[in-house]
Each structure stands twice: as structure tokens, then as C-alpha cells.
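Everything below belongs to model.txt, which stores compact mmCIF, C-alpha atoms.
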# COMPACT_ATOMS: atom_id res chain seq x y z
CA MET A 1 16.08 4.51 -8.14
CA LYS A 2 14.32 2.33 -10.70
CA GLU A 3 16.14 4.18 -13.51
CA VAL A 4 19.50 3.81 -11.74
CA TRP A 5 19.00 0.06 -11.42
CA ALA A 6 17.87 -0.25 -15.04
CA SER A 7 20.97 1.68 -16.21
CA LYS A 8 23.10 -0.96 -14.44
CA GLY A 9 21.26 -3.84 -16.11
CA ILE A 10 19.13 -4.70 -13.08
CA ASP A 11 15.66 -5.46 -14.41
CA ILE A 12 13.43 -6.44 -11.49
CA PRO A 13 9.79 -5.85 -10.56
CA THR A 14 9.33 -2.76 -8.41
CA PHE A 15 6.54 -1.27 -6.34
CA THR A 16 5.79 1.84 -4.34
CA CYS A 17 3.87 2.29 -1.09
CA ASP A 18 1.41 5.12 -1.51
CA GLY A 19 -1.48 6.57 0.42
CA PRO A 20 -4.94 6.10 -1.09
CA THR A 21 -5.53 9.69 -2.25
CA THR A 22 -5.07 11.26 -5.67
CA GLU A 23 -2.31 13.54 -4.36
CA MET A 24 -0.38 10.71 -2.71
CA LEU A 25 -0.72 8.38 -5.69
CA GLU A 26 0.38 11.02 -8.19
CA ALA A 27 3.35 12.07 -6.03
CA GLY A 28 4.56 8.60 -5.07
CA SER A 29 3.86 6.33 -8.02
CA ILE A 30 6.54 5.34 -10.53
CA PRO A 31 5.38 4.48 -14.07
CA GLY A 32 5.55 0.73 -14.63
CA SER A 33 5.83 -0.10 -10.92
CA ALA A 34 3.12 -1.94 -9.00
CA VAL A 35 1.21 0.15 -6.46
CA GLY A 36 1.07 -0.85 -2.81
CA LEU A 37 -1.69 1.01 -1.00
CA ASN A 38 -0.84 2.01 2.51
CA SER A 39 -3.56 1.31 3.52
CA GLY A 40 -6.47 0.97 1.14
CA LYS A 41 -9.67 0.79 3.13
CA SER A 42 -12.23 0.45 0.36
CA LEU A 43 -12.58 -0.84 -3.16
CA ALA A 44 -12.79 2.80 -4.30
CA ASP A 45 -9.18 3.29 -3.08
CA PHE A 46 -8.01 0.38 -5.22
CA ASP A 47 -10.05 1.59 -8.20
CA LEU A 48 -8.47 5.06 -7.90
CA ALA A 49 -4.96 3.57 -7.81
CA ALA A 50 -5.71 1.44 -10.88
CA LYS A 51 -7.12 4.48 -12.73
CA ILE A 52 -4.05 6.62 -12.00
CA ASN A 53 -1.64 3.73 -12.71
CA PRO A 54 -3.22 1.59 -15.43
CA GLY A 55 -1.71 -1.75 -16.36
CA VAL A 56 0.12 -2.48 -13.10
CA PRO A 57 -0.91 -4.57 -10.07
CA VAL A 58 -2.46 -2.74 -7.11
CA PHE A 59 -2.28 -4.40 -3.69
CA SER A 60 -2.45 -3.60 0.00
CA SER A 61 1.10 -3.11 1.22
CA GLU A 62 0.08 -2.74 4.87
CA THR A 63 -3.04 -4.29 6.34
CA TYR A 64 -3.37 -5.10 10.01
CA PRO A 65 -6.22 -7.37 11.10
CA GLY A 66 -6.03 -6.13 14.68
CA TRP A 67 -4.09 -4.09 17.16
CA LEU A 68 -0.32 -4.22 17.27
CA ASP A 69 0.77 -5.05 20.81
CA SER A 70 3.97 -4.44 22.70
CA LEU A 71 5.87 -7.37 24.14
CA GLY A 72 5.20 -7.75 27.84
CA ARG A 73 1.97 -5.74 27.87
CA GLU A 74 -1.57 -7.03 28.16
CA MET A 75 -3.05 -7.85 24.75
CA GLY A 76 -5.20 -5.06 23.28
CA GLN A 77 -8.77 -5.71 22.19
CA THR A 78 -11.20 -3.92 19.94
CA ARG A 79 -14.69 -4.48 18.61
CA PHE A 80 -14.86 -5.09 14.86
CA SER A 81 -17.86 -3.45 13.23
CA GLY A 82 -17.37 -4.52 9.63
CA SER A 83 -15.29 -3.96 6.54
CA SER A 84 -15.52 -2.91 2.94
CA PHE A 85 -14.13 -6.28 1.89
Translate the structure of the given file into C-alpha cells.
Amino acid sequence: MKEVWASKGIDIPTFTCDGPTTEMLEAGSIPGSAVGLNSGKSLADFDLAAKINPGVPVFSSETYPGWLDSLGREMGQTRFSGSSF
């Protein structure tokens, strides 16, 4: 898709959403596009994405600080035991 847009004169920043494994990053990344990790859980995930895709930004494209709740239901709760960040 990036090549199609470029062939039409559309030059915009692009990104992909990839899982944090070598296989997912190699299969989903597009050269020159930023990498959105879905979801990176550790600094090692971000380091791997940067190694496989040097020179582009790497960010978390989906990070949820808690449970996702359904409208009309009692709010979910969980105990937080820590994070890599």
C-alpha cells in the first residue's frame, strides 16, 4: 500500500502494527515505516524491533493500563504486580 500511495504522489509517514517476535516483525514490517508494537511488554521487545528495523521510530501501538469493560456491566478489577517500564 505504501508503494501504491507513493506512486500517486502521496508521501506521508506510515507505520505497521506488529507482534513483538522476530517472525511477526519480519513478516509485518515495511522498510522505512515506523513500527508499532502490539503489544511490547518489555524493553527487549522494543530493542528487537529497533534491531530488525533500524532508523525508524518504534512505539507501542496498543497498551491498555487496565481491563476493558463492557457498558452496563460492573467494572472489572485486577491486582497489578509490576511492569518492565
Taking 2 positions as the minimum chain separation for residues in the same chain, which residues sit within 6 Å of A:Asn38 when counting all atoms listed in the file? Answer as a list of chain:residue names. A:Cys17, A:Asp18, A:Gly19, A:Gly40, A:Ser61, A:Glu62
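If you measure from each of A:Ile10, A:Glu3, A:Arg73, A:Thr22 to A:Asp45 using all atoms listed in the file, the closest one turns out to be A:Thr22.
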Close residues, A:Ala34 itself excluded, 10 Å, only C-alpha atoms, min 4 positions apart in chain, as a PyMOL selection string: chain A and resi 13-17+29-30+49-50+53-59
Rounded to one decimal place, report the atom CA of A:Asp11-atom CA of A:Leu48 distance in Å. 27.1 Å
What gap, in Å, lies between atom CA of A:Ile12 and atom CA of A:Gly32? 11.1 Å
One decimal, Å: what's the distance from atom CA of A:Glu23 over to atom CA of A:Ser39, could you say?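 The value is 14.6 Å.
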Nearest-residue call for A:Gly36, choices A:Lys8, A:Lys51, A:Met24, A:Ser60, using all atoms listed in the file: A:Ser60
Please complete stretch 31-42 of chain A with all heavy atoms and give it back as a short mmCIF file (atom, residue, chain, number, x, y, z; two decimals), keeping the file's coordinate frame.
data_model
loop_
_atom_site.label_atom_id
_atom_site.label_comp_id
_atom_site.auth_asym_id
_atom_site.auth_seq_id
_atom_site.Cartn_x
_atom_site.Cartn_y
_atom_site.Cartn_z
N PRO A 31 5.95 5.17 -12.91
CA PRO A 31 5.38 4.48 -14.07
C PRO A 31 5.99 3.08 -14.25
O PRO A 31 7.20 2.90 -14.16
CB PRO A 31 5.75 5.39 -15.24
CG PRO A 31 5.86 6.75 -14.64
CD PRO A 31 6.45 6.51 -13.27
N GLY A 32 5.11 2.11 -14.42
CA GLY A 32 5.55 0.73 -14.63
C GLY A 32 5.77 -0.06 -13.36
O GLY A 32 6.02 -1.26 -13.40
N SER A 33 5.66 0.59 -12.20
CA SER A 33 5.83 -0.10 -10.92
C SER A 33 4.46 -0.41 -10.32
O SER A 33 3.53 0.39 -10.42
CB SER A 33 6.60 0.77 -9.93
OG SER A 33 7.92 0.97 -10.36
N ALA A 34 4.35 -1.58 -9.69
CA ALA A 34 3.12 -1.94 -9.00
C ALA A 34 2.86 -0.92 -7.89
O ALA A 34 3.77 -0.26 -7.40
CB ALA A 34 3.23 -3.35 -8.42
N VAL A 35 1.60 -0.80 -7.49
CA VAL A 35 1.21 0.15 -6.46
C VAL A 35 0.77 -0.59 -5.21
O VAL A 35 -0.17 -1.38 -5.24
CB VAL A 35 0.05 1.06 -6.95
CG1 VAL A 35 -0.39 2.01 -5.84
CG2 VAL A 35 0.46 1.81 -8.20
N GLY A 36 1.49 -0.34 -4.11
CA GLY A 36 1.07 -0.85 -2.81
C GLY A 36 0.35 0.25 -2.06
O GLY A 36 0.91 1.31 -1.83
N LEU A 37 -0.93 0.01 -1.75
CA LEU A 37 -1.69 1.01 -1.00
C LEU A 37 -1.41 0.86 0.48
O LEU A 37 -1.40 -0.24 1.02
CB LEU A 37 -3.18 0.87 -1.27
CG LEU A 37 -3.66 1.35 -2.61
CD1 LEU A 37 -5.17 1.17 -2.73
CD2 LEU A 37 -3.29 2.80 -2.85
N ASN A 38 -1.25 1.97 1.12
CA ASN A 38 -0.84 2.01 2.51
C ASN A 38 -1.80 2.91 3.27
O ASN A 38 -1.57 4.08 3.40
CB ASN A 38 0.58 2.57 2.53
CG ASN A 38 1.32 2.29 3.79
OD1 ASN A 38 0.85 1.60 4.65
ND2 ASN A 38 2.50 2.86 3.89
N SER A 39 -2.85 2.56 3.71
CA SER A 39 -3.56 1.31 3.52
C SER A 39 -4.87 1.61 2.81
O SER A 39 -5.56 2.55 3.18
CB SER A 39 -3.81 0.70 4.90
OG SER A 39 -4.80 -0.26 4.93
N GLY A 40 -5.19 0.83 1.83
CA GLY A 40 -6.47 0.97 1.14
C GLY A 40 -7.58 0.41 2.00
O GLY A 40 -7.51 -0.71 2.46
N LYS A 41 -8.60 1.22 2.25
CA LYS A 41 -9.67 0.79 3.13
C LYS A 41 -10.95 0.43 2.39
O LYS A 41 -11.87 -0.11 2.98
CB LYS A 41 -9.97 1.88 4.15
CG LYS A 41 -8.81 2.14 5.08
CD LYS A 41 -9.14 3.24 6.05
CE LYS A 41 -7.92 3.51 6.93
NZ LYS A 41 -8.15 4.61 7.84
N SER A 42 -11.01 0.75 1.10
CA SER A 42 -12.23 0.45 0.36
C SER A 42 -11.87 0.09 -1.08
O SER A 42 -10.77 0.38 -1.55
CB SER A 42 -13.17 1.67 0.37
OG SER A 42 -12.63 2.69 -0.44
#
